[in-house]
>>> print(open('coords.pdb').read())   # PDB, C-alpha atoms
ATOM      1  CA  VAL A   6      33.498 -91.010  -9.517
ATOM      2  CA  LYS A   7      31.848 -89.641  -6.388
ATOM      3  CA  GLN A   8      34.580 -87.075  -6.068
ATOM      4  CA  LEU A   9      34.094 -85.954  -9.677
ATOM      5  CA  ILE A  10      30.356 -85.667  -9.132
ATOM      6  CA  GLU A  11      30.844 -83.694  -5.935
ATOM      7  CA  GLU A  12      33.334 -81.367  -7.659
ATOM      8  CA  LEU A  13      30.918 -80.901 -10.536
ATOM      9  CA  ILE A  14      28.085 -80.083  -8.103
ATOM     10  CA  GLU A  15      30.304 -77.598  -6.281
ATOM     11  CA  ARG A  16      31.350 -75.995  -9.573
ATOM     12  CA  LEU A  17      27.737 -75.695 -10.650
ATOM     13  CA  LYS A  18      26.844 -74.089  -7.320
ATOM     14  CA  LYS A  19      29.682 -71.583  -7.724
ATOM     15  CA  GLN A  20      28.557 -70.874 -11.269
ATOM     16  CA  SER A  21      25.009 -70.390 -10.005
ATOM     17  CA  ALA A  22      26.198 -67.988  -7.304
ATOM     18  CA  ALA A  23      28.367 -66.091  -9.798
ATOM     19  CA  GLU A  24      25.554 -65.850 -12.295
ATOM     20  CA  ALA A  25      23.177 -64.764  -9.535
ATOM     21  CA  GLU A  26      25.614 -62.025  -8.587
ATOM     22  CA  GLN A  27      25.977 -61.088 -12.250
ATOM     23  CA  LYS A  28      22.191 -61.182 -12.606
ATOM     24  CA  GLY A  29      21.858 -58.775  -9.703
ATOM     25  CA  TRP A  30      24.468 -56.482 -11.212
ATOM     26  CA  CYS A  31      22.804 -56.669 -14.632
ATOM     27  CA  ASP A  32      19.357 -55.985 -13.251
ATOM     28  CA  LYS A  33      20.679 -53.020 -11.286
ATOM     29  CA  SER A  34      22.720 -51.625 -14.191
ATOM     30  CA  ILE A  35      19.911 -52.113 -16.707
ATOM     31  CA  GLY A  36      17.419 -50.547 -14.306
ATOM     32  CA  GLU A  37      19.669 -47.539 -13.736
ATOM     33  CA  ALA A  38      20.286 -47.120 -17.473
ATOM     34  CA  LYS A  39      16.562 -47.323 -18.221
ATOM     35  CA  GLN A  40      15.840 -44.837 -15.441
ATOM     36  CA  LYS A  41      18.434 -42.455 -16.872
ATOM     37  CA  ARG A  42      16.889 -42.814 -20.308
ATOM     38  CA  SER A  43      13.372 -42.280 -18.943
ATOM     39  CA  ASN A  44      14.345 -39.238 -16.847
ATOM     40  CA  ALA A  45      16.216 -37.684 -19.758
ATOM     41  CA  ALA A  46      13.293 -38.358 -22.106
ATOM     42  CA  ASP A  47      10.887 -36.675 -19.659
ATOM     43  CA  GLU A  48      13.261 -33.725 -19.334
ATOM     44  CA  ILE A  49      13.497 -33.482 -23.122
ATOM     45  CA  ASP A  50       9.698 -33.346 -23.364
ATOM     46  CA  GLU A  51       9.551 -30.560 -20.766
ATOM     47  CA  LEU A  52      12.366 -28.630 -22.460
ATOM     48  CA  ASN A  53      10.743 -28.956 -25.887
ATOM     49  CA  SER A  54       7.470 -27.670 -24.447
ATOM     50  CA  ALA A  55       9.223 -24.784 -22.665
ATOM     51  CA  MET A  56      11.192 -23.876 -25.797
ATOM     52  CA  ALA A  57       8.060 -23.947 -27.976
ATOM     53  CA  GLU A  58       6.357 -21.594 -25.517
ATOM     54  CA  GLY A  59       9.461 -19.391 -25.340
ATOM     55  CA  GLU A  60       9.702 -19.186 -29.126
ATOM     56  CA  ALA A  61       6.041 -18.156 -29.336
ATOM     57  CA  ILE A  62       6.631 -15.412 -26.734
ATOM     58  CA  ARG A  63       9.790 -14.331 -28.559
ATOM     59  CA  ASP A  64       7.976 -14.080 -31.900
ATOM     60  CA  LYS A  65       5.164 -12.068 -30.303
ATOM     61  CA  LEU A  66       7.637  -9.688 -28.652
ATOM     62  CA  VAL A  67       9.529  -9.242 -31.920
ATOM     63  CA  GLU A  68       6.250  -8.370 -33.655
ATOM     64  CA  GLU A  69       5.238  -5.949 -30.890
ATOM     65  CA  LEU A  70       8.677  -4.294 -30.908
ATOM     66  CA  SER A  71       8.495  -3.867 -34.671
ATOM     67  CA  LEU A  72       5.097  -2.192 -34.297
ATOM     68  CA  LEU A  73       6.439   0.062 -31.521
ATOM     69  CA  ASP A  74       9.392   1.059 -33.708
ATOM     70  CA  ASP A  75       6.990   2.034 -36.499
ATOM     71  CA  GLU A  76       4.786   4.011 -34.094
ATOM     72  CA  ILE A  77       7.768   5.792 -32.513
ATOM     73  CA  GLU A  78       9.141   6.687 -35.919
ATOM     74  CA  SER A  79       5.707   7.938 -37.009
ATOM     75  CA  ILE A  80       5.351  10.150 -33.917
ATOM     76  CA  LYS A  81       8.812  11.639 -34.384
ATOM     77  CA  LYS A  82       8.112  12.291 -38.059
ATOM     78  CA  LYS A  83       4.801  13.998 -37.246
ATOM     79  CA  GLN A  84       6.531  16.123 -34.613
ATOM     80  CA  GLU A  85       9.183  17.204 -37.092
ATOM     81  CA  GLU A  86       6.512  18.057 -39.660
ATOM     82  CA  ALA A  87       4.495  19.936 -37.024
ATOM     83  CA  GLN A  88       7.586  21.879 -35.911
ATOM     84  CA  GLU A  89       8.407  22.845 -39.488
ATOM     85  CA  LEU A  90       4.795  23.818 -40.235
ATOM     86  CA  ARG A  91       4.563  25.829 -37.001
ATOM     87  CA  LYS A  92       7.776  27.633 -37.851
ATOM     88  CA  LYS A  93       6.558  28.588 -41.321
ATOM     89  CA  GLU A  94       3.106  29.527 -40.046
ATOM     90  CA  LYS A  95       4.602  31.746 -37.345
ATOM     91  CA  VAL A  96       6.844  33.519 -39.862
ATOM     92  CA  GLU A  97       3.885  34.092 -42.187
ATOM     93  CA  ASN A  98       1.692  35.403 -39.358
ATOM     94  CA  GLU A  99       4.422  37.709 -38.096
ATOM     95  CA  LYS A 100       4.949  38.994 -41.616
ATOM     96  CA  THR A 101       1.211  39.533 -42.055
ATOM     97  CA  VAL A 102       0.962  41.417 -38.737
ATOM     98  CA  GLU A 103       4.045  43.481 -39.534
ATOM     99  CA  GLU A 104       2.714  44.414 -42.983
ATOM    100  CA  ALA A 105      -0.717  45.221 -41.544
ATOM    101  CA  LYS A 106       0.828  47.415 -38.831
ATOM    102  CA  ASP A 107       2.977  49.198 -41.415
ATOM    103  CA  GLY A 108      -0.122  49.742 -43.520
ATOM    104  CA  LEU A 109      -2.044  50.929 -40.476
ATOM    105  CA  LYS A 110       0.726  53.376 -39.674
ATOM    106  CA  ALA A 111       0.782  54.676 -43.252
ATOM    107  CA  VAL A 112      -3.002  55.064 -43.289
ATOM    108  CA  ALA A 113      -2.886  56.865 -39.962
ATOM    109  CA  GLU A 114      -0.323  59.306 -41.391
ATOM    110  CA  ALA A 115      -2.466  59.793 -44.492
ATOM    111  CA  ILE A 116      -5.555  60.431 -42.376
ATOM    112  CA  LYS A 117      -3.649  62.912 -40.252
ATOM    113  CA  ILE A 118      -2.463  64.807 -43.328
ATOM    114  CA  LEU A 119      -5.939  64.879 -44.879
ATOM    115  CA  GLU A 120      -7.642  65.894 -41.648
ATOM    116  CA  THR A 121      -5.218  68.769 -41.282
ATOM    117  CA  PHE A 122      -5.812  69.815 -44.871
ATOM    118  CA  TYR A 123      -9.630  69.612 -44.632
ATOM    119  CA  LYS A 124      -9.751  71.539 -41.385
ATOM    120  CA  LYS A 125      -7.612  74.282 -42.838
ATOM    121  CA  ALA A 126      -9.485  74.327 -46.152
ATOM    122  CA  GLU A 127     -12.850  74.489 -44.389
ATOM    123  CA  LYS A 128     -11.955  77.832 -42.754
ATOM    124  CA  SER A 129     -10.403  79.544 -45.765
ATOM    125  CA  GLU A 130     -12.073  82.078 -48.089
ATOM    126  CA  VAL A 131     -11.057  83.643 -51.471
ATOM    127  CA  ASP A 132     -10.418  87.400 -51.716
ATOM    128  CA  LEU A 133     -12.412  88.404 -54.836
ATOM    129  CA  SER A 134     -11.048  91.925 -54.769
ATOM    130  CA  LEU A 135      -8.031  90.607 -56.471
ATOM    131  CA  VAL A 136     -10.088  89.262 -59.337
ATOM    132  CA  GLN A 137     -10.226  91.593 -62.376
ATOM    133  CA  GLY A 138     -13.077  91.721 -64.874
ATOM    134  CA  PRO A 139     -16.751  91.420 -64.496
ATOM    135  CA  LYS A 140     -17.855  88.661 -61.977
ATOM    136  CA  GLU A 141     -20.642  87.748 -64.328
ATOM    137  CA  ASP A 142     -18.151  86.713 -66.966
ATOM    138  CA  ALA A 143     -16.540  84.079 -64.655
ATOM    139  CA  PRO A 144     -17.438  80.443 -65.533
ATOM    140  CA  ASP A 145     -19.379  78.210 -63.095
ATOM    141  CA  ALA A 146     -16.774  76.579 -60.774
ATOM    142  CA  GLY A 147     -19.301  74.608 -58.693
ATOM    143  CA  PHE A 148     -19.119  76.890 -55.646
ATOM    144  CA  GLU A 149     -20.167  80.405 -54.746
ATOM    145  CA  GLY A 150     -18.018  83.386 -55.533
ATOM    146  CA  GLY A 151     -15.552  84.056 -52.780
ATOM    147  CA  GLU A 152     -16.001  80.471 -51.366
ATOM    148  CA  ALA A 153     -12.707  78.600 -50.920
ATOM    149  CA  TYR A 154     -12.337  74.884 -51.910
ATOM    150  CA  SER A 155     -12.801  72.737 -48.788
ATOM    151  CA  GLY A 156     -12.272  69.276 -50.294
ATOM    152  CA  ALA A 157     -14.599  66.268 -50.657
ATOM    153  CA  GLN A 158     -15.875  66.290 -47.081
ATOM    154  CA  ASP A 159     -18.991  64.140 -47.547
ATOM    155  CA  GLY A 160     -18.434  61.397 -44.965
ATOM    156  CA  ALA A 161     -17.701  57.759 -45.744
ATOM    157  CA  ASN A 162     -17.683  58.398 -49.468
ATOM    158  CA  GLY A 163     -14.816  60.834 -49.150
ATOM    159  CA  ALA A 164     -11.102  60.118 -48.945
ATOM    160  CA  LEU A 165     -11.150  60.110 -45.137
ATOM    161  CA  GLY A 166     -14.004  57.588 -45.075
ATOM    162  CA  LEU A 167     -12.152  55.260 -47.425
ATOM    163  CA  LEU A 168      -8.974  55.548 -45.377
ATOM    164  CA  GLU A 169     -10.892  54.793 -42.175
ATOM    165  CA  VAL A 170     -12.319  51.653 -43.807
ATOM    166  CA  ILE A 171      -8.787  50.606 -44.841
ATOM    167  CA  SER A 172      -7.535  51.372 -41.333
ATOM    168  CA  SER A 173     -10.316  49.201 -39.874
ATOM    169  CA  ASP A 174      -9.342  46.365 -42.238
ATOM    170  CA  PHE A 175      -5.730  46.599 -41.165
ATOM    171  CA  LYS A 176      -6.716  46.566 -37.478
ATOM    172  CA  ARG A 177      -8.949  43.537 -38.048
ATOM    173  CA  THR A 178      -6.134  41.780 -39.895
ATOM    174  CA  VAL A 179      -3.755  42.403 -36.995
ATOM    175  CA  THR A 180      -6.301  41.260 -34.401
ATOM    176  CA  GLU A 181      -7.413  38.146 -36.281
ATOM    177  CA  THR A 182      -3.882  37.147 -37.265
ATOM    178  CA  GLU A 183      -2.576  37.555 -33.720
ATOM    179  CA  LYS A 184      -5.530  35.553 -32.437
ATOM    180  CA  ALA A 185      -4.962  32.857 -35.051
ATOM    181  CA  GLU A 186      -1.261  32.795 -34.175
ATOM    182  CA  ALA A 187      -2.013  32.411 -30.467
ATOM    183  CA  GLU A 188      -4.492  29.584 -31.154
ATOM    184  CA  ALA A 189      -2.101  27.870 -33.539
ATOM    185  CA  ALA A 190       0.727  28.121 -30.995
ATOM    186  CA  GLU A 191      -1.540  26.718 -28.276
ATOM    187  CA  ASP A 192      -2.712  23.862 -30.508
ATOM    188  CA  HIS A 193       0.906  23.131 -31.394
ATOM    189  CA  ASP A 194       1.917  23.063 -27.734
ATOM    190  CA  VAL A 195      -0.980  20.703 -26.934
ATOM    191  CA  PHE A 196      -0.008  18.414 -29.824
ATOM    192  CA  MET A 197       3.651  18.369 -28.815
ATOM    193  CA  THR A 198       2.767  17.683 -25.169
ATOM    194  CA  GLU A 199       0.435  14.818 -26.055
ATOM    195  CA  SER A 200       2.803  13.358 -28.640
ATOM    196  CA  ASP A 201       5.747  13.641 -26.219
ATOM    197  CA  LYS A 202       3.693  11.753 -23.636
ATOM    198  CA  SER A 203       2.755   9.088 -26.169
ATOM    199  CA  LEU A 204       6.357   8.871 -27.337
ATOM    200  CA  ALA A 205       7.616   8.456 -23.767
ATOM    201  CA  GLU A 206       5.062   5.697 -23.105
ATOM    202  CA  LYS A 207       5.992   3.826 -26.267
ATOM    203  CA  GLU A 208       9.723   4.160 -25.628
ATOM    204  CA  LYS A 209       9.169   2.855 -22.087
ATOM    205  CA  ALA A 210       7.140  -0.054 -23.472
ATOM    206  CA  LYS A 211       9.891  -0.721 -26.005
ATOM    207  CA  LYS A 212      12.519  -0.787 -23.273
ATOM    208  CA  GLU A 213      10.441  -3.190 -21.159
ATOM    209  CA  LYS A 214       9.631  -5.486 -24.083
ATOM    210  CA  THR A 215      13.263  -5.448 -25.217
ATOM    211  CA  LYS A 216      14.285  -6.642 -21.751
ATOM    212  CA  GLN A 217      11.561  -9.304 -21.861
ATOM    213  CA  LYS A 218      12.809 -10.447 -25.259
ATOM    214  CA  ASP A 219      16.416 -10.564 -24.025
ATOM    215  CA  ASP A 220      15.306 -12.636 -21.013
ATOM    216  CA  VAL A 221      13.368 -15.007 -23.274
ATOM    217  CA  LEU A 222      16.339 -15.366 -25.634
ATOM    218  CA  GLU A 223      18.635 -16.101 -22.707
ATOM    219  CA  LYS A 224      16.181 -18.693 -21.395
ATOM    220  CA  LEU A 225      15.902 -20.264 -24.856
ATOM    221  CA  SER A 226      19.685 -20.443 -25.056
ATOM    222  CA  ASP A 227      19.896 -22.097 -21.629
ATOM    223  CA  ASN A 228      17.129 -24.553 -22.522
ATOM    224  CA  GLY A 229      18.891 -25.308 -25.791
ATOM    225  CA  GLU A 230      22.074 -26.229 -23.919
ATOM    226  CA  SER A 231      20.067 -28.298 -21.430
ATOM    227  CA  LEU A 232      18.341 -30.058 -24.312
ATOM    228  CA  LYS A 233      21.689 -30.992 -25.845
ATOM    229  CA  ALA A 234      22.821 -32.371 -22.487
ATOM    230  CA  GLN A 235      19.643 -34.441 -22.062
ATOM    231  CA  VAL A 236      19.890 -35.804 -25.603
ATOM    232  CA  LYS A 237      23.465 -36.797 -24.798
ATOM    233  CA  LEU A 238      22.225 -38.563 -21.641
ATOM    234  CA  VAL A 239      19.631 -40.483 -23.653
ATOM    235  CA  THR A 240      22.257 -41.473 -26.210
ATOM    236  CA  THR A 241      24.610 -42.610 -23.445
ATOM    237  CA  ALA A 242      21.831 -44.582 -21.699
ATOM    238  CA  VAL A 243      20.860 -46.323 -24.925
ATOM    239  CA  LYS A 244      24.502 -47.188 -25.572
ATOM    240  CA  GLU A 245      24.808 -48.590 -22.030
ATOM    241  CA  LEU A 246      21.683 -50.706 -22.540
ATOM    242  CA  LEU A 247      23.089 -52.142 -25.767
ATOM    243  CA  GLU A 248      26.366 -52.977 -24.036
ATOM    244  CA  LEU A 249      24.527 -54.503 -21.069
ATOM    245  CA  LYS A 250      22.447 -56.609 -23.425
ATOM    246  CA  ASP A 251      25.610 -58.153 -24.832
ATOM    247  CA  ALA A 252      27.089 -58.632 -21.356
ATOM    248  CA  CYS A 253      24.000 -59.907 -19.575
ATOM    249  CA  GLU A 254      22.330 -62.088 -22.178
ATOM    250  CA  LEU A 255      24.989 -64.814 -22.596
ATOM    251  CA  THR A 256      22.726 -67.269 -24.404
ATOM    252  CA  SER A 257      19.356 -67.323 -26.021
ATOM    253  CA  ASP A 258      17.941 -68.825 -22.854
ATOM    254  CA  THR A 259      16.308 -66.590 -20.296
ATOM    255  CA  TRP A 260      17.710 -66.300 -16.790
ATOM    256  CA  ASP A 261      14.879 -68.348 -15.312
ATOM    257  CA  GLU A 262      15.439 -71.110 -17.858
ATOM    258  CA  ARG A 263      19.176 -71.189 -17.095
ATOM    259  CA  VAL A 264      18.517 -71.377 -13.346
ATOM    260  CA  ALA A 265      15.963 -74.125 -13.828
ATOM    261  CA  LYS A 266      18.273 -76.219 -16.036
ATOM    262  CA  ARG A 267      21.178 -75.835 -13.638
ATOM    263  CA  GLU A 268      19.037 -76.840 -10.662
ATOM    264  CA  GLU A 269      17.835 -79.882 -12.581
ATOM    265  CA  GLU A 270      21.446 -80.748 -13.381
ATOM    266  CA  ILE A 271      22.499 -80.370  -9.745
ATOM    267  CA  LYS A 272      19.494 -82.452  -8.636
ATOM    268  CA  ALA A 273      20.387 -85.183 -11.108
ATOM    269  CA  LEU A 274      24.002 -85.221  -9.965
ATOM    270  CA  LYS A 275      22.916 -85.420  -6.339
ATOM    271  CA  GLN A 276      20.657 -88.347  -7.171
ATOM    272  CA  ALA A 277      23.551 -90.052  -8.903
ATOM    273  CA  LEU A 278      25.769 -89.415  -5.896
ATOM    274  CA  CYS A 279      23.086 -90.818  -3.599
ATOM    275  CA  ILE A 280      22.871 -93.972  -5.693
ATOM    276  CA  LEU A 281      26.630 -94.407  -5.524
ATOM    277  CA  ASP A 282      26.577 -93.924  -1.756
ATOM    278  CA  HIS A 283      23.843 -96.505  -1.448
ATOM    279  CA  PHE A 284      25.777 -98.909  -3.727
ATOM    280  CA  GLU A 285      28.872 -98.627  -1.544
ATOM    281  CA  GLN A 286      26.898 -99.756   1.481
ATOM    282  CA  PHE A 287      26.402-103.110  -0.178
TER     283      PHE A 287
END
>>> encode(input="coords.pdb", output="structure tokens")
Amino acid sequence: VKQLIEELIERLKKQSAAEAEQKGWCDKSIGEAKQKRSNAADEIDELNSAMAEGEAIRDKLVEELSLLDDEIESIKKKQEEAQELRKKEKVENEKTVEEAKDGLKAVAEAIKILETFYKKAEKSEVDLSLVQGPKEDAPDAGFEGGEAYSGAQDGANGALGLLEVISSDFKRTVTETEKAEAEAAEDHDVFMTESDKSLAEKEKAKKEKTKQKDDVLEKLSDNGESLKAQVKLVTTAVKELLELKDACELTSDTWDERVAKREEEIKALKQALCILDHFEQF
């Protein structure tokens, strides 16, 4: 009987040592699994926050790039319209100047012809000796007998005066049109220079923001892959904890209760062994 009790005590001690070793392994494994789950959960929170921020930046950049595209397109369209308008305006001005110069040339020729005529007519006289019949019978012609016709030489109201006015109008047209053309060309150059500068700035901004967007998209993609990995880690940790629960919780009793019951059992067996030893002495 003593031998059976001693063997039972020894077996209980071995079981206690084995369970203690298993308890240590369980505590370590459960602790590591929980730590993995906690670390992955923290990483998931950080990644979610980073991705939310990245998505907000991405959406803002997309909106800004869309606005830049509209502005760039608007500038290019205005430049095309300005180029077309400048081209037509230049053709019209050149035509106006050409017509005015042709008119001025024609008027100058007309003035030259009339001036020559009036100068010649002013010096001429009529030889009345060739006229037959009594002078008194001749009708009133509006000038003295023997006086040659010298034309309507009464200043601005005459043909020369009218032609000089027309010539002045043509000269003014040429001057004003050429001035208007020069101003229009200058204004066009200023507009094109300023719009080219604005266009260059916006295209530079578009290039920079496109790169920023690409960087953000790449970061979002990387974070997305990291998030999948962390979710997988959490899933694995939870699975490990479930498996450890089955392996480490053998009964409904807690570890402390099992240790206490076993110690009580060993104590009782030792007491029984002591009684048997004492009985043998008698």
>>> residues_around(input="coords.pdb", residues="Lys214 of chain A", least_positions_apart="3", cutoff="12 Å", atoms="all atoms listed in the file", output="number ranges by chain")
A: 62-74, 207-211, 217-221
>>> atom_distance(input="coords.pdb", atom1="atom CA of Lys33 of chain A", atom2="atom CA of Lys244 of chain A")
15.9 Å
>>> axis_aligned_box(input="coords.pdb", around="segment 81-94 of chain A", padding_each_side="5 Å", output="lines of an AutoDock Vina configuration file")
center_x = 6.1
center_y = 20.6
center_z = -37.9
size_x = 16.1
size_y = 27.9
size_z = 16.9
>>> atom_distance(input="coords.pdb", atom1="atom CA of Ser172 of chain A", atom2="atom CA of Lys124 of chain A")
20.3 Å
>>> residues_around(input="coords.pdb", residues="Glu169 of chain A", least_positions_apart="5", cutoff="9 Å", atoms="all atoms listed in the file", output="list in words")
Val112, Ala113, Ile116, Ala161, Ala164 and Asp174 of chain A
>>> atom_distance(input="coords.pdb", atom1="atom CA of Ala105 of chain A", atom2="atom CA of Ala187 of chain A")
17.0 Å
>>> residues_around(input="coords.pdb", residues="Glu120 of chain A", least_positions_apart="5", cutoff="9 Å", atoms="only C-alpha atoms", output="list in words")
Ala115, Lys125 and Leu165 of chain A
>>> residues_near_point(input="coords.pdb", point="(6.0, 17.8, -33.5)", cutoff="9 Å", atoms="all atoms listed in the file", output="list in words")
Ile80, Lys81, Lys82, Lys83, Gln84, Glu85, Glu86, Ala87, Gln88, Glu89, Arg91, His193, Asp194, Phe196, Met197, Thr198, Ser200 and Asp201 of chain A
>>> closest_atom_pairs(input="coords.pdb", of="segment 191-257 of chain A", to="segment 37-56 of chain A", cutoff="10 Å", atoms="all atoms listed in the file", output="tab-separated table")
residue	atom	partner	partner_atom	distance
A:Val221	CA	A:Met56	CA	9.5
A:Leu222	CA	A:Met56	CA	9.9
A:Lys224	CA	A:Met56	CA	8.4
A:Leu225	CA	A:Met56	CA	6.0
A:Ser226	CA	A:Met56	CA	9.2
A:Asp227	CA	A:Met56	CA	9.8
A:Asn228	CA	A:Leu52	CA	6.3
A:Gly229	CA	A:Met56	CA	7.8
A:Ser231	CA	A:Leu52	CA	7.8
A:Leu232	CA	A:Ile49	CA	6.1
A:Lys233	CA	A:Ile49	CA	9.0
A:Ala234	CA	A:Ala45	CA	8.9
A:Gln235	CA	A:Ala45	CA	5.3
A:Val236	CA	A:Ala45	CA	7.2
A:Lys237	CA	A:Ala45	CA	8.9
A:Leu238	CA	A:Ala45	CA	6.4
A:Val239	CA	A:Arg42	CA	4.9
A:Thr240	CA	A:Arg42	CA	8.1
A:Thr241	CA	A:Arg42	CA	8.3
A:Ala242	CA	A:Ala38	CA	5.2
A:Val243	CA	A:Arg42	CA	7.0
A:Lys244	CA	A:Ala38	CA	9.1
A:Glu245	CA	A:Ala38	CA	6.6
A:Leu246	CA	A:Ala38	CA	6.4
A:Leu249	CA	A:Ala38	CA	9.2
>>> residues_around(input="coords.pdb", residues="Glu103 of chain A", least_positions_apart="4", cutoff="12 Å", atoms="all atoms listed in the file", output="number ranges by chain")
A: 95-99, 107-110, 175-176, 178-180, 182-183
>>> write_last_selection(input="coords.pdb", atoms="C-alpha atoms", output="PDB file, in the frame of the given file")
ATOM      1  CA  LYS A  95       4.602  31.746 -37.345  1.00  0.00           C
ATOM      2  CA  VAL A  96       6.844  33.519 -39.862  1.00  0.00           C
ATOM      3  CA  GLU A  97       3.885  34.092 -42.187  1.00  0.00           C
ATOM      4  CA  ASN A  98       1.692  35.403 -39.358  1.00  0.00           C
ATOM      5  CA  GLU A  99       4.422  37.709 -38.096  1.00  0.00           C
ATOM      6  CA  ASP A 107       2.977  49.198 -41.415  1.00  0.00           C
ATOM      7  CA  GLY A 108      -0.122  49.742 -43.520  1.00  0.00           C
ATOM      8  CA  LEU A 109      -2.044  50.929 -40.476  1.00  0.00           C
ATOM      9  CA  LYS A 110       0.726  53.376 -39.674  1.00  0.00           C
ATOM     10  CA  PHE A 175      -5.730  46.599 -41.165  1.00  0.00           C
ATOM     11  CA  LYS A 176      -6.716  46.566 -37.478  1.00  0.00           C
ATOM     12  CA  THR A 178      -6.134  41.780 -39.895  1.00  0.00           C
ATOM     13  CA  VAL A 179      -3.755  42.403 -36.995  1.00  0.00           C
ATOM     14  CA  THR A 180      -6.301  41.260 -34.401  1.00  0.00           C
ATOM     15  CA  THR A 182      -3.882  37.147 -37.265  1.00  0.00           C
ATOM     16  CA  GLU A 183      -2.576  37.555 -33.720  1.00  0.00           C
TER      17      GLU A 183
END
